[in-house]
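Listing of structure-v8.pdb, PDB, C-alpha atoms
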ATOM      1  CA  MET A   1       2.158   1.991  57.644
ATOM      2  CA  SER A   2      -0.687  -0.436  58.265
ATOM      3  CA  THR A   3      -1.129  -0.970  54.493
ATOM      4  CA  ILE A   4       2.550  -1.848  54.023
ATOM      5  CA  SER A   5       2.404  -4.203  56.967
ATOM      6  CA  ALA A   6      -0.702  -5.903  55.629
ATOM      7  CA  THR A   7       0.883  -6.332  52.181
ATOM      8  CA  SER A   8       4.062  -7.821  53.600
ATOM      9  CA  GLU A   9       2.029 -10.273  55.688
ATOM     10  CA  LEU A  10       0.054 -11.712  52.788
ATOM     11  CA  SER A  11      -0.282 -15.474  52.945
ATOM     12  CA  PRO A  12       1.592 -17.588  50.374
ATOM     13  CA  SER A  13      -1.696 -18.595  48.746
ATOM     14  CA  THR A  14      -2.707 -14.946  48.357
ATOM     15  CA  ARG A  15       0.665 -14.008  46.827
ATOM     16  CA  ARG A  16       0.417 -17.007  44.518
ATOM     17  CA  ALA A  17      -3.072 -15.968  43.382
ATOM     18  CA  SER A  18      -1.894 -12.410  42.735
ATOM     19  CA  TRP A  19       1.128 -13.677  40.751
ATOM     20  CA  LEU A  20      -1.091 -16.033  38.739
ATOM     21  CA  LYS A  21      -3.535 -13.229  37.952
ATOM     22  CA  GLY A  22      -0.746 -11.042  36.566
ATOM     23  CA  LEU A  23       0.609 -13.902  34.448
ATOM     24  CA  LEU A  24      -2.841 -14.626  33.050
ATOM     25  CA  VAL A  25      -3.201 -10.974  32.006
ATOM     26  CA  VAL A  26       0.157 -11.064  30.184
ATOM     27  CA  HIS A  27      -0.723 -14.433  28.636
ATOM     28  CA  TRP A  28      -4.118 -13.488  27.199
ATOM     29  CA  MET A  29      -3.029 -10.032  26.071
ATOM     30  CA  SER A  30       0.024 -11.363  24.218
ATOM     31  CA  SER A  31      -2.050 -14.136  22.635
ATOM     32  CA  ALA A  32      -4.703 -11.643  21.524
ATOM     33  CA  VAL A  33      -2.164  -9.284  19.955
ATOM     34  CA  CYS A  34      -0.277 -12.123  18.238
ATOM     35  CA  LEU A  35      -3.326 -14.133  17.144
ATOM     36  CA  LEU A  36      -3.379 -13.223  13.447
ATOM     37  CA  GLY A  37       0.409 -13.355  13.164
ATOM     38  CA  LEU A  38       0.544 -16.792  14.807
ATOM     39  CA  LEU A  39      -2.150 -18.107  12.449
ATOM     40  CA  LEU A  40      -0.339 -16.656   9.431
ATOM     41  CA  PHE A  41       3.063 -18.055  10.368
ATOM     42  CA  SER A  42       1.593 -21.436  11.352
ATOM     43  CA  VAL A  43      -0.212 -21.881   8.035
ATOM     44  CA  THR A  44       2.738 -20.648   5.968
ATOM     45  CA  GLY A  45       5.032 -22.918   7.966
ATOM     46  CA  ILE A  46       3.020 -25.842   6.552
ATOM     47  CA  THR A  47       3.006 -24.458   3.009
ATOM     48  CA  LEU A  48       6.753 -23.801   3.112
ATOM     49  CA  ASN A  49       7.411 -27.286   4.479
ATOM     50  CA  HIS A  50       5.476 -28.755   1.533
ATOM     51  CA  ALA A  51       6.532 -26.265  -1.125
ATOM     52  CA  GLY A  52       7.511 -29.109  -3.466
ATOM     53  CA  GLN A  53       3.990 -30.566  -3.393
ATOM     54  CA  ILE A  54       2.217 -27.226  -3.893
ATOM     55  CA  GLU A  55       2.318 -26.269  -7.548
ATOM     56  CA  ALA A  56       2.780 -22.616  -8.384
ATOM     57  CA  ARG A  57       1.393 -21.299 -11.666
ATOM     58  CA  PRO A  58       3.128 -17.979 -12.229
ATOM     59  CA  SER A  59       1.592 -15.426 -14.534
ATOM     60  CA  VAL A  60       3.987 -13.271 -16.531
ATOM     61  CA  VAL A  61       3.273  -9.869 -18.075
ATOM     62  CA  ARG A  62       5.697  -8.484 -20.675
ATOM     63  CA  LEU A  63       5.491  -4.964 -22.072
ATOM     64  CA  VAL A  64       7.648  -3.212 -24.658
ATOM     65  CA  ARG A  65       7.717   0.540 -25.214
ATOM     66  CA  THR A  66      10.001   3.159 -26.769
ATOM     67  CA  LEU A  67      11.124   6.114 -24.698
ATOM     68  CA  PRO A  68      10.780   9.538 -26.435
ATOM     69  CA  ALA A  69      14.035  11.056 -27.649
ATOM     70  CA  ASP A  70      13.851  14.044 -25.294
ATOM     71  CA  LEU A  71      13.653  11.679 -22.317
ATOM     72  CA  VAL A  72      16.436   9.459 -23.640
ATOM     73  CA  ALA A  73      18.657  12.544 -23.612
ATOM     74  CA  GLN A  74      18.200  12.719 -19.824
ATOM     75  CA  LEU A  75      19.611   9.206 -19.355
ATOM     76  CA  SER A  76      23.299   9.921 -19.679
ATOM     77  CA  PRO A  77      25.169   8.081 -16.893
ATOM     78  CA  SER A  78      27.621  10.961 -16.655
ATOM     79  CA  ALA A  79      24.737  13.333 -15.974
ATOM     80  CA  THR A  80      22.643  11.157 -13.685
ATOM     81  CA  GLY A  81      25.148   8.951 -11.869
ATOM     82  CA  ALA A  82      25.804   5.222 -12.036
ATOM     83  CA  GLU A  83      23.827   4.341  -8.902
ATOM     84  CA  GLN A  84      21.050   6.911  -8.855
ATOM     85  CA  GLY A  85      17.361   6.639  -9.578
ATOM     86  CA  LEU A  86      15.713   7.539 -12.837
ATOM     87  CA  PRO A  87      15.001  11.207 -13.589
ATOM     88  CA  PRO A  88      11.498  12.245 -12.407
ATOM     89  CA  ALA A  89      10.252  12.930 -15.937
ATOM     90  CA  VAL A  90      11.364   9.483 -17.109
ATOM     91  CA  SER A  91       9.773   7.777 -14.090
ATOM     92  CA  ALA A  92       6.500   9.639 -14.657
ATOM     93  CA  TRP A  93       6.390   8.632 -18.339
ATOM     94  CA  LEU A  94       7.183   4.993 -17.567
ATOM     95  CA  SER A  95       4.579   4.825 -14.794
ATOM     96  CA  ALA A  96       1.927   6.199 -17.122
ATOM     97  CA  GLU A  97       2.852   3.931 -20.057
ATOM     98  CA  LEU A  98       3.271   0.739 -18.016
ATOM     99  CA  GLY A  99       0.455   1.374 -15.548
ATOM    100  CA  ARG A 100       2.794   0.660 -12.639
ATOM    101  CA  ASN A 101       4.267   2.758  -9.859
ATOM    102  CA  LEU A 102       8.030   2.510 -10.123
ATOM    103  CA  PRO A 103      10.041   2.136  -6.910
ATOM    104  CA  SER A 104      12.446   4.829  -5.808
ATOM    105  CA  THR A 105      15.331   2.353  -5.594
ATOM    106  CA  ALA A 106      18.564   3.040  -7.481
ATOM    107  CA  ALA A 107      18.843   1.681 -11.006
ATOM    108  CA  GLU A 108      21.899  -0.159 -12.329
ATOM    109  CA  TRP A 109      23.532   1.968 -15.029
ATOM    110  CA  SER A 110      25.923   0.819 -17.739
ATOM    111  CA  ALA A 111      27.097   2.169 -21.084
ATOM    112  CA  ASP A 112      24.368   0.421 -23.122
ATOM    113  CA  GLU A 113      21.448  -0.077 -20.723
ATOM    114  CA  ILE A 114      19.720   0.853 -17.486
ATOM    115  CA  TYR A 115      18.343  -1.978 -15.370
ATOM    116  CA  LEU A 116      15.837  -1.435 -12.560
ATOM    117  CA  PRO A 117      15.075  -4.494 -10.378
ATOM    118  CA  MET A 118      11.683  -4.498  -8.661
ATOM    119  CA  PRO A 119      11.487  -7.562  -6.398
ATOM    120  CA  ARG A 120       8.341  -8.008  -4.345
ATOM    121  CA  PRO A 121       6.611 -10.635  -2.162
ATOM    122  CA  GLY A 122       5.044 -13.382  -4.237
ATOM    123  CA  GLY A 123       6.652 -12.337  -7.482
ATOM    124  CA  ASP A 124       9.248 -10.293  -9.258
ATOM    125  CA  ALA A 125       9.557  -7.525 -11.818
ATOM    126  CA  TRP A 126      12.289  -5.737 -13.721
ATOM    127  CA  LEU A 127      12.658  -2.871 -16.154
ATOM    128  CA  ARG A 128      15.329  -2.444 -18.814
ATOM    129  CA  ILE A 129      16.013   0.660 -20.906
ATOM    130  CA  GLY A 130      18.334   0.124 -23.862
ATOM    131  CA  LEU A 131      20.704   2.957 -24.713
ATOM    132  CA  PRO A 132      20.911   4.991 -26.860
ATOM    133  CA  GLU A 133      17.699   3.922 -28.672
ATOM    134  CA  GLY A 134      15.466   4.084 -25.593
ATOM    135  CA  GLU A 135      13.917   0.629 -25.945
ATOM    136  CA  VAL A 136      11.934  -0.188 -22.808
ATOM    137  CA  GLU A 137      11.359  -3.783 -21.710
ATOM    138  CA  PHE A 138       9.250  -4.559 -18.669
ATOM    139  CA  GLU A 139       8.466  -7.963 -17.169
ATOM    140  CA  GLU A 140       6.313  -8.722 -14.134
ATOM    141  CA  THR A 141       5.788 -12.145 -12.585
ATOM    142  CA  HIS A 142       3.086 -13.151 -10.085
ATOM    143  CA  ARG A 143       3.441 -16.546  -8.392
ATOM    144  CA  GLY A 144       0.083 -16.600  -6.612
ATOM    145  CA  ALA A 145      -1.332 -16.030  -3.142
ATOM    146  CA  ILE A 146       0.542 -18.905  -1.473
ATOM    147  CA  ALA A 147       3.892 -17.630  -2.727
ATOM    148  CA  TRP A 148       2.938 -14.173  -1.487
ATOM    149  CA  LEU A 149       2.127 -15.512   1.981
ATOM    150  CA  ASN A 150       5.317 -17.604   2.022
ATOM    151  CA  ASP A 151       7.381 -14.504   1.258
ATOM    152  CA  LEU A 152       5.664 -12.674   4.104
ATOM    153  CA  HIS A 153       6.712 -15.558   6.365
ATOM    154  CA  LYS A 154      10.332 -15.221   5.239
ATOM    155  CA  GLY A 155      10.318 -11.426   5.166
ATOM    156  CA  ARG A 156      11.450 -11.553   1.526
ATOM    157  CA  HIS A 157      11.401  -8.142  -0.144
ATOM    158  CA  THR A 158       8.825  -6.889   2.374
ATOM    159  CA  GLY A 159      10.497  -3.675   3.529
ATOM    160  CA  PRO A 160      11.346  -2.274   6.970
ATOM    161  CA  ALA A 161       7.752  -1.938   8.241
ATOM    162  CA  TRP A 162       7.045  -5.680   7.868
ATOM    163  CA  SER A 163      10.468  -6.503   9.322
ATOM    164  CA  LEU A 164       9.587  -4.435  12.396
ATOM    165  CA  PHE A 165       6.254  -6.263  12.648
ATOM    166  CA  ILE A 166       8.029  -9.633  12.610
ATOM    167  CA  ASP A 167      10.322  -8.486  15.436
ATOM    168  CA  ALA A 168       7.349  -7.253  17.478
ATOM    169  CA  LEU A 169       5.490 -10.515  16.831
ATOM    170  CA  ALA A 170       8.515 -12.498  17.999
ATOM    171  CA  VAL A 171       8.612 -10.520  21.263
ATOM    172  CA  GLY A 172       4.874 -11.089  21.745
ATOM    173  CA  CYS A 173       5.290 -14.826  21.153
ATOM    174  CA  LEU A 174       8.108 -14.942  23.725
ATOM    175  CA  LEU A 175       5.849 -13.278  26.293
ATOM    176  CA  PHE A 176       3.052 -15.702  25.397
ATOM    177  CA  ALA A 177       5.324 -18.760  25.745
ATOM    178  CA  LEU A 178       7.149 -17.677  28.912
ATOM    179  CA  SER A 179       3.965 -16.590  30.707
ATOM    180  CA  GLY A 180       2.401 -19.909  29.720
ATOM    181  CA  LEU A 181       5.395 -21.774  31.144
ATOM    182  CA  LEU A 182       5.135 -19.915  34.441
ATOM    183  CA  ILE A 183       1.402 -20.598  34.585
ATOM    184  CA  LEU A 184       2.178 -24.286  34.060
ATOM    185  CA  GLN A 185       4.633 -24.123  36.938
ATOM    186  CA  LEU A 186       1.993 -22.681  39.262
ATOM    187  CA  HIS A 187      -0.483 -25.439  38.316
ATOM    188  CA  ALA A 188       2.038 -28.271  38.111
ATOM    189  CA  ALA A 189       1.470 -29.465  41.668
ATOM    190  CA  ARG A 190      -2.151 -30.346  40.828
ATOM    191  CA  ARG A 191      -1.371 -31.634  37.334
ATOM    192  CA  PRO A 192       1.231 -34.443  37.458
ATOM    193  CA  SER A 193       1.436 -34.713  33.658
ATOM    194  CA  THR A 194       2.667 -31.105  33.255
ATOM    195  CA  TRP A 195       6.427 -31.597  33.361
ATOM    196  CA  PRO A 196       6.489 -34.922  31.480
ATOM    197  CA  LEU A 197       4.631 -33.218  28.611
ATOM    198  CA  VAL A 198       6.926 -30.184  28.725
ATOM    199  CA  GLY A 199       9.945 -32.498  28.759
ATOM    200  CA  LEU A 200       8.568 -34.456  25.801
ATOM    201  CA  GLY A 201       8.029 -31.246  23.851
ATOM    202  CA  CYS A 202      11.658 -30.244  24.464
ATOM    203  CA  LEU A 203      13.125 -33.702  23.894
ATOM    204  CA  LEU A 204      11.324 -34.606  20.666
ATOM    205  CA  PRO A 205      12.883 -31.939  18.382
ATOM    206  CA  CYS A 206      16.315 -32.613  19.892
ATOM    207  CA  LEU A 207      15.998 -36.332  19.103
ATOM    208  CA  ILE A 208      14.883 -35.606  15.540
ATOM    209  CA  VAL A 209      17.891 -33.335  14.998
ATOM    210  CA  LEU A 210      20.337 -35.847  16.481
ATOM    211  CA  LEU A 211      18.926 -38.968  14.814
ATOM    212  CA  PHE A 212      17.580 -37.867  11.457
ATOM    213  CA  LEU A 213      19.460 -34.725  10.388
ATOM    214  CA  HIS A 214      22.862 -35.345   8.850
TER     215      HIS A 214
END
Please, can you express the file's structure as C-alpha coordinates?
Amino acid sequence: MSTISATSELSPSTRRASWLKGLLVVHWMSSAVCLLGLLLFSVTGITLNHAGQIEARPSVVRLVRTLPADLVAQLSPSATGAEQGLPPAVSAWLSAELGRNLPSTAAEWSADEIYLPMPRPGGDAWLRIGLPEGEVEFEETHRGAIAWLNDLHKGRHTGPAWSLFIDALAVGCLLFALSGLLILQLHAARRPSTWPLVGLGCLLPCLIVLLFLH
(Lines of atoms letter the chains of each structure in order from A and count residues from 1; the text may use other names and numbers.)
(Lines give C-alpha, C1' and ligand atoms only; values in the text may rest on other atoms or scores of the structure.)
Protein backbone atom coordinates (compact mmCIF):
# COMPACT_ATOMS: atom_id res chain seq x y z
CA MET A 1 0.00 0.00 0.00
CA SER A 2 2.81 2.39 0.87
CA THR A 3 4.48 1.75 -2.53
CA ILE A 4 1.28 2.59 -4.43
CA SER A 5 0.82 5.71 -2.37
CA ALA A 6 4.39 6.81 -2.98
CA THR A 7 4.03 6.25 -6.74
CA SER A 8 0.80 8.21 -6.94
CA GLU A 9 2.40 11.10 -5.03
CA LEU A 10 5.36 11.53 -7.37
CA SER A 11 6.13 15.15 -8.13
CA PRO A 12 5.46 16.46 -11.65
CA SER A 13 9.20 16.81 -12.28
CA THR A 14 9.77 13.17 -11.30
CA ARG A 15 6.95 11.95 -13.57
CA ARG A 16 8.32 14.11 -16.37
CA ALA A 17 11.81 12.64 -15.94
CA SER A 18 10.42 9.10 -15.96
CA TRP A 19 8.37 9.83 -19.11
CA LEU A 20 11.40 11.39 -20.81
CA LYS A 21 13.57 8.38 -19.94
CA GLY A 22 11.08 5.99 -21.54
CA LEU A 23 10.86 8.13 -24.68
CA LEU A 24 14.63 8.27 -24.97
CA VAL A 25 14.80 4.46 -24.80
CA VAL A 26 12.23 4.13 -27.60
CA HIS A 27 13.99 6.85 -29.61
CA TRP A 28 17.51 5.38 -29.50
CA MET A 29 16.37 1.79 -29.95
CA SER A 30 14.25 2.62 -33.02
CA SER A 31 17.07 4.71 -34.49
CA ALA A 32 19.58 1.90 -33.92
CA VAL A 33 17.36 -0.72 -35.56
CA CYS A 34 16.51 1.54 -38.51
CA LEU A 35 19.99 3.01 -39.01
CA LEU A 36 21.07 1.04 -42.08
CA GLY A 37 17.61 1.22 -43.65
CA LEU A 38 17.44 5.00 -43.14
CA LEU A 39 20.89 5.44 -44.71
CA LEU A 40 19.93 3.22 -47.65
CA PHE A 41 16.63 4.96 -48.34
CA SER A 42 18.16 8.43 -47.87
CA VAL A 43 20.96 7.79 -50.37
CA THR A 44 18.66 6.10 -52.89
CA GLY A 45 16.19 8.95 -52.48
CA ILE A 46 18.92 11.24 -53.87
CA THR A 47 19.85 8.86 -56.68
CA LEU A 48 16.20 8.41 -57.68
CA ASN A 49 15.63 12.16 -57.61
CA HIS A 50 18.57 12.61 -60.01
CA ALA A 51 18.07 9.48 -62.09
CA GLY A 52 18.27 11.52 -65.30
CA GLN A 53 21.75 12.80 -64.43
CA ILE A 54 23.12 9.40 -63.38
CA GLU A 55 24.04 7.39 -66.45
CA ALA A 56 23.37 3.68 -66.38
CA ARG A 57 25.52 1.38 -68.51
CA PRO A 58 23.61 -1.88 -68.71
CA SER A 59 25.43 -5.07 -69.58
CA VAL A 60 23.50 -7.63 -71.61
CA VAL A 61 24.20 -11.36 -71.84
CA ARG A 62 22.54 -13.37 -74.63
CA LEU A 63 22.69 -17.15 -74.87
CA VAL A 64 21.23 -19.51 -77.45
CA ARG A 65 20.83 -23.25 -76.97
CA THR A 66 18.81 -26.13 -78.43
CA LEU A 67 16.71 -28.28 -76.15
CA PRO A 68 17.11 -32.08 -76.67
CA ALA A 69 14.22 -33.77 -78.46
CA ASP A 70 13.25 -35.92 -75.47
CA LEU A 71 12.83 -32.78 -73.35
CA VAL A 72 10.93 -30.95 -76.09
CA ALA A 73 8.41 -33.80 -75.98
CA GLN A 74 7.64 -32.85 -72.36
CA LEU A 75 6.64 -29.30 -73.37
CA SER A 76 3.18 -29.94 -74.71
CA PRO A 77 0.80 -27.28 -73.33
CA SER A 78 -1.97 -29.86 -73.17
CA ALA A 79 0.21 -32.03 -70.94
CA THR A 80 1.76 -29.35 -68.75
CA GLY A 81 -0.87 -26.60 -68.56
CA ALA A 82 -0.92 -23.07 -69.94
CA GLU A 83 0.08 -21.37 -66.68
CA GLN A 84 2.32 -23.91 -65.01
CA GLY A 85 6.05 -24.01 -64.49
CA LEU A 86 8.50 -25.91 -66.62
CA PRO A 87 8.90 -29.66 -66.07
CA PRO A 88 11.69 -30.43 -63.54
CA ALA A 89 13.87 -32.18 -66.11
CA VAL A 90 13.66 -29.21 -68.48
CA SER A 91 14.44 -26.74 -65.68
CA ALA A 92 17.44 -28.81 -64.58
CA TRP A 93 18.83 -28.96 -68.13
CA LEU A 94 18.34 -25.23 -68.69
CA SER A 95 19.95 -24.33 -65.35
CA ALA A 96 22.98 -26.44 -66.18
CA GLU A 97 23.34 -25.13 -69.76
CA LEU A 98 22.74 -21.45 -68.92
CA GLY A 99 24.53 -21.43 -65.57
CA ARG A 100 21.52 -19.78 -63.93
CA ASN A 101 18.98 -20.89 -61.36
CA LEU A 102 15.56 -20.59 -62.94
CA PRO A 103 12.72 -19.20 -60.82
CA SER A 104 9.74 -21.34 -59.91
CA THR A 105 7.30 -18.81 -61.36
CA ALA A 106 4.76 -19.90 -63.97
CA ALA A 107 5.78 -19.65 -67.61
CA GLU A 108 3.57 -18.18 -70.34
CA TRP A 109 2.59 -20.96 -72.75
CA SER A 110 1.34 -20.58 -76.31
CA ALA A 111 1.10 -22.83 -79.36
CA ASP A 112 4.54 -21.88 -80.74
CA GLU A 113 6.60 -20.79 -77.73
CA ILE A 114 7.09 -20.78 -73.97
CA TYR A 115 8.11 -17.50 -72.37
CA LEU A 116 9.52 -17.27 -68.84
CA PRO A 117 9.97 -13.72 -67.44
CA MET A 118 12.62 -13.34 -64.75
CA PRO A 119 12.51 -9.74 -63.47
CA ARG A 120 14.89 -8.82 -60.67
CA PRO A 121 16.19 -5.73 -58.83
CA GLY A 122 18.69 -3.79 -60.91
CA GLY A 123 18.05 -5.70 -64.10
CA ASP A 124 15.88 -8.08 -66.03
CA ALA A 125 16.02 -11.48 -67.69
CA TRP A 126 13.80 -13.65 -69.85
CA LEU A 127 13.82 -17.10 -71.39
CA ARG A 128 12.08 -18.20 -74.58
CA ILE A 129 11.67 -21.76 -75.86
CA GLY A 130 10.48 -22.05 -79.45
CA LEU A 131 8.14 -24.91 -80.25
CA PRO A 132 8.33 -27.49 -81.71
CA GLU A 133 12.07 -27.13 -82.55
CA GLY A 134 13.18 -26.45 -78.97
CA GLU A 135 15.22 -23.32 -79.70
CA VAL A 136 16.21 -21.68 -76.42
CA GLU A 137 16.90 -17.94 -76.21
CA PHE A 138 18.04 -16.37 -72.96
CA GLU A 139 18.77 -12.71 -72.26
CA GLU A 140 19.95 -11.16 -69.00
CA THR A 141 20.43 -7.45 -68.35
CA HIS A 142 22.32 -5.84 -65.46
CA ARG A 143 21.92 -2.09 -64.97
CA GLY A 144 24.53 -1.63 -62.24
CA ALA A 145 24.70 -1.19 -58.48
CA ILE A 146 22.81 2.13 -58.39
CA ALA A 147 19.88 0.66 -60.31
CA TRP A 148 19.92 -2.30 -57.93
CA LEU A 149 19.78 -0.01 -54.89
CA ASN A 150 17.05 2.12 -56.50
CA ASP A 151 14.93 -0.99 -57.05
CA LEU A 152 15.41 -1.94 -53.41
CA HIS A 153 14.11 1.52 -52.51
CA LYS A 154 11.01 1.00 -54.65
CA GLY A 155 10.53 -2.64 -53.69
CA ARG A 156 10.62 -3.56 -57.39
CA HIS A 157 10.72 -7.32 -57.96
CA THR A 158 12.19 -7.86 -54.48
CA GLY A 159 9.82 -10.51 -53.13
CA PRO A 160 7.76 -10.78 -49.94
CA ALA A 161 10.69 -10.86 -47.49
CA TRP A 162 11.98 -7.43 -48.60
CA SER A 163 8.42 -6.08 -48.67
CA LEU A 164 8.01 -7.16 -45.04
CA PHE A 165 11.31 -5.47 -44.18
CA ILE A 166 10.11 -2.20 -45.72
CA ASP A 167 6.92 -2.36 -43.64
CA ALA A 168 8.91 -3.04 -40.46
CA LEU A 169 11.30 -0.19 -41.30
CA ALA A 170 8.37 2.16 -41.80
CA VAL A 171 6.99 1.26 -38.36
CA GLY A 172 10.43 1.81 -36.81
CA CYS A 173 10.73 5.21 -38.50
CA LEU A 174 7.29 6.20 -37.16
CA LEU A 175 8.39 5.29 -33.63
CA PHE A 176 11.63 7.23 -34.15
CA ALA A 177 9.80 10.33 -35.43
CA LEU A 178 6.95 10.32 -32.90
CA SER A 179 9.23 9.70 -29.91
CA GLY A 180 11.46 12.51 -31.17
CA LEU A 181 8.46 14.83 -31.40
CA LEU A 182 7.42 14.04 -27.84
CA ILE A 183 10.98 14.59 -26.63
CA LEU A 184 10.91 17.98 -28.36
CA GLN A 185 7.68 18.78 -26.56
CA LEU A 186 9.24 18.00 -23.18
CA HIS A 187 12.24 20.25 -23.94
CA ALA A 188 10.32 22.98 -25.74
CA ALA A 189 9.91 25.17 -22.66
CA ARG A 190 13.69 25.62 -22.43
CA ARG A 191 14.23 25.83 -26.20
CA PRO A 192 12.12 28.64 -27.72
CA SER A 193 13.15 27.77 -31.29
CA THR A 194 11.63 24.25 -31.10
CA TRP A 195 8.13 24.90 -32.40
CA PRO A 196 9.11 27.50 -35.02
CA LEU A 197 11.52 24.95 -36.52
CA VAL A 198 8.91 22.18 -36.37
CA GLY A 199 6.38 24.51 -37.99
CA LEU A 200 8.86 25.44 -40.72
CA GLY A 201 9.54 21.77 -41.42
CA CYS A 202 5.80 21.14 -41.83
CA LEU A 203 5.07 24.32 -43.77
CA LEU A 204 7.90 24.14 -46.32
CA PRO A 205 6.78 20.98 -48.18
CA CYS A 206 3.17 22.20 -48.17
CA LEU A 207 4.22 25.50 -49.77
CA ILE A 208 6.28 23.70 -52.41
CA VAL A 209 3.32 21.48 -53.31
CA LEU A 210 0.90 24.42 -53.47
CA LEU A 211 3.17 26.84 -55.34
CA PHE A 212 5.33 24.73 -57.62
CA LEU A 213 3.47 21.49 -58.37
CA HIS A 214 0.84 21.75 -61.07
Item checked: Shortest interatomic distance to A:Ile129 - which of A:Ser179, A:Gln185, A:Thr66, A:Ser95, counting only C-alpha atoms -> A:Thr66
Notebook entry, point to check: Nearest to A:Val136: which of A:Leu164, A:Leu204, A:Val64, A:Leu86 is it, counting all atoms listed in the file?
Noted result: A:Val64
Give me the box for stretch 19-23 of chain A as AutoDock Vina command-line options, namely the centre and edge lengths in Å to one decimal of a box along x, y and z that holds every listed atom plus 4 Å on each side.
--center_x -1.2 --center_y -13.5 --center_z 37.6 --size_x 12.7 --size_y 13.0 --size_z 14.3
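By chain and then residue number, the residues within 12 Å of A:Asn101 are Ser91, Ala92, Trp93, Leu94, Ser95, Ala96, Glu97, Leu98, Ser104, Thr105, Met118, Ala125 and Leu127 of chain A, counting all atoms listed in the file and disregarding those fewer than 3 positions away in sequence.
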Per-residue nearest contacts stretch 87-156 of chain A to stretch 30-39 of chain A, cut-off 12 Å, using all atoms listed in the file, as JSON lines:
{"residue": "A:Leu149", "atom": "CA", "partner": "A:Gly37", "partner_atom": "CA", "distance": 11.5}
{"residue": "A:Leu152", "atom": "CA", "partner": "A:Gly37", "partner_atom": "CA", "distance": 10.5}
{"residue": "A:His153", "atom": "CA", "partner": "A:Gly37", "partner_atom": "CA", "distance": 9.5}
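The environment of A:Leu67 within 7 Å, counting only C-alpha atoms and disregarding residues fewer than 4 places along the same chain, consists of Leu71, Val72, Gly134, Glu135 and Val136 of chain A.
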Check: Using only C-alpha atoms, which residue out of A:Arg16, A:His27, A:Arg57, A:Lys21 lies closest to A:Gly144?
Finding: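 Checking each of A:Arg16, A:His27, A:Arg57, A:Lys21 against A:Gly144, counting only C-alpha atoms, the winner is A:Arg57.
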Notebook entry, point to check: Mind pulling up the distance from atom CA of A:Glu140 to atom CA of A:Val60?
Noted result: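 If I compute the distance from atom CA of A:Val60 to atom CA of A:Glu140, I get 5.6 Å.
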Checklist line | Atomic distance atom CA of A:Phe41 - atom CA of A:Gly22, expressed in Å with one decimal | finding: 27.4 Å
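Shortest separation to A:Leu182 among A:Leu63, A:Ala73, A:Leu23, A:Leu211 occurs at residue A:Leu23, atoms counted being all atoms listed in the file.
Straight-line separation from atom CA of A:Asp112 to atom CA of A:His157: 27.7 Å.
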As a check of understanding, name the residues that the PyMOL selection byres ((chain A and resi 143) around 12) selects in the supplied structure, as a PDB file with C-alpha atoms, in the coordinates of the input.
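Saved file part_1.pdb follows:
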ATOM      1  CA  ILE A  54       2.217 -27.226  -3.893  1.00  0.00           C
ATOM      2  CA  GLU A  55       2.318 -26.269  -7.548  1.00  0.00           C
ATOM      3  CA  ALA A  56       2.780 -22.616  -8.384  1.00  0.00           C
ATOM      4  CA  ARG A  57       1.393 -21.299 -11.666  1.00  0.00           C
ATOM      5  CA  PRO A  58       3.128 -17.979 -12.229  1.00  0.00           C
ATOM      6  CA  SER A  59       1.592 -15.426 -14.534  1.00  0.00           C
ATOM      7  CA  VAL A  60       3.987 -13.271 -16.531  1.00  0.00           C
ATOM      8  CA  VAL A  61       3.273  -9.869 -18.075  1.00  0.00           C
ATOM      9  CA  ARG A 120       8.341  -8.008  -4.345  1.00  0.00           C
ATOM     10  CA  PRO A 121       6.611 -10.635  -2.162  1.00  0.00           C
ATOM     11  CA  GLY A 122       5.044 -13.382  -4.237  1.00  0.00           C
ATOM     12  CA  GLY A 123       6.652 -12.337  -7.482  1.00  0.00           C
ATOM     13  CA  ASP A 124       9.248 -10.293  -9.258  1.00  0.00           C
ATOM     14  CA  ALA A 125       9.557  -7.525 -11.818  1.00  0.00           C
ATOM     15  CA  GLU A 140       6.313  -8.722 -14.134  1.00  0.00           C
ATOM     16  CA  THR A 141       5.788 -12.145 -12.585  1.00  0.00           C
ATOM     17  CA  HIS A 142       3.086 -13.151 -10.085  1.00  0.00           C
ATOM     18  CA  GLY A 144       0.083 -16.600  -6.612  1.00  0.00           C
ATOM     19  CA  ALA A 145      -1.332 -16.030  -3.142  1.00  0.00           C
ATOM     20  CA  ILE A 146       0.542 -18.905  -1.473  1.00  0.00           C
ATOM     21  CA  ALA A 147       3.892 -17.630  -2.727  1.00  0.00           C
ATOM     22  CA  TRP A 148       2.938 -14.173  -1.487  1.00  0.00           C
ATOM     23  CA  LEU A 149       2.127 -15.512   1.981  1.00  0.00           C
ATOM     24  CA  ASN A 150       5.317 -17.604   2.022  1.00  0.00           C
ATOM     25  CA  ASP A 151       7.381 -14.504   1.258  1.00  0.00           C
TER      26      ASP A 151
END
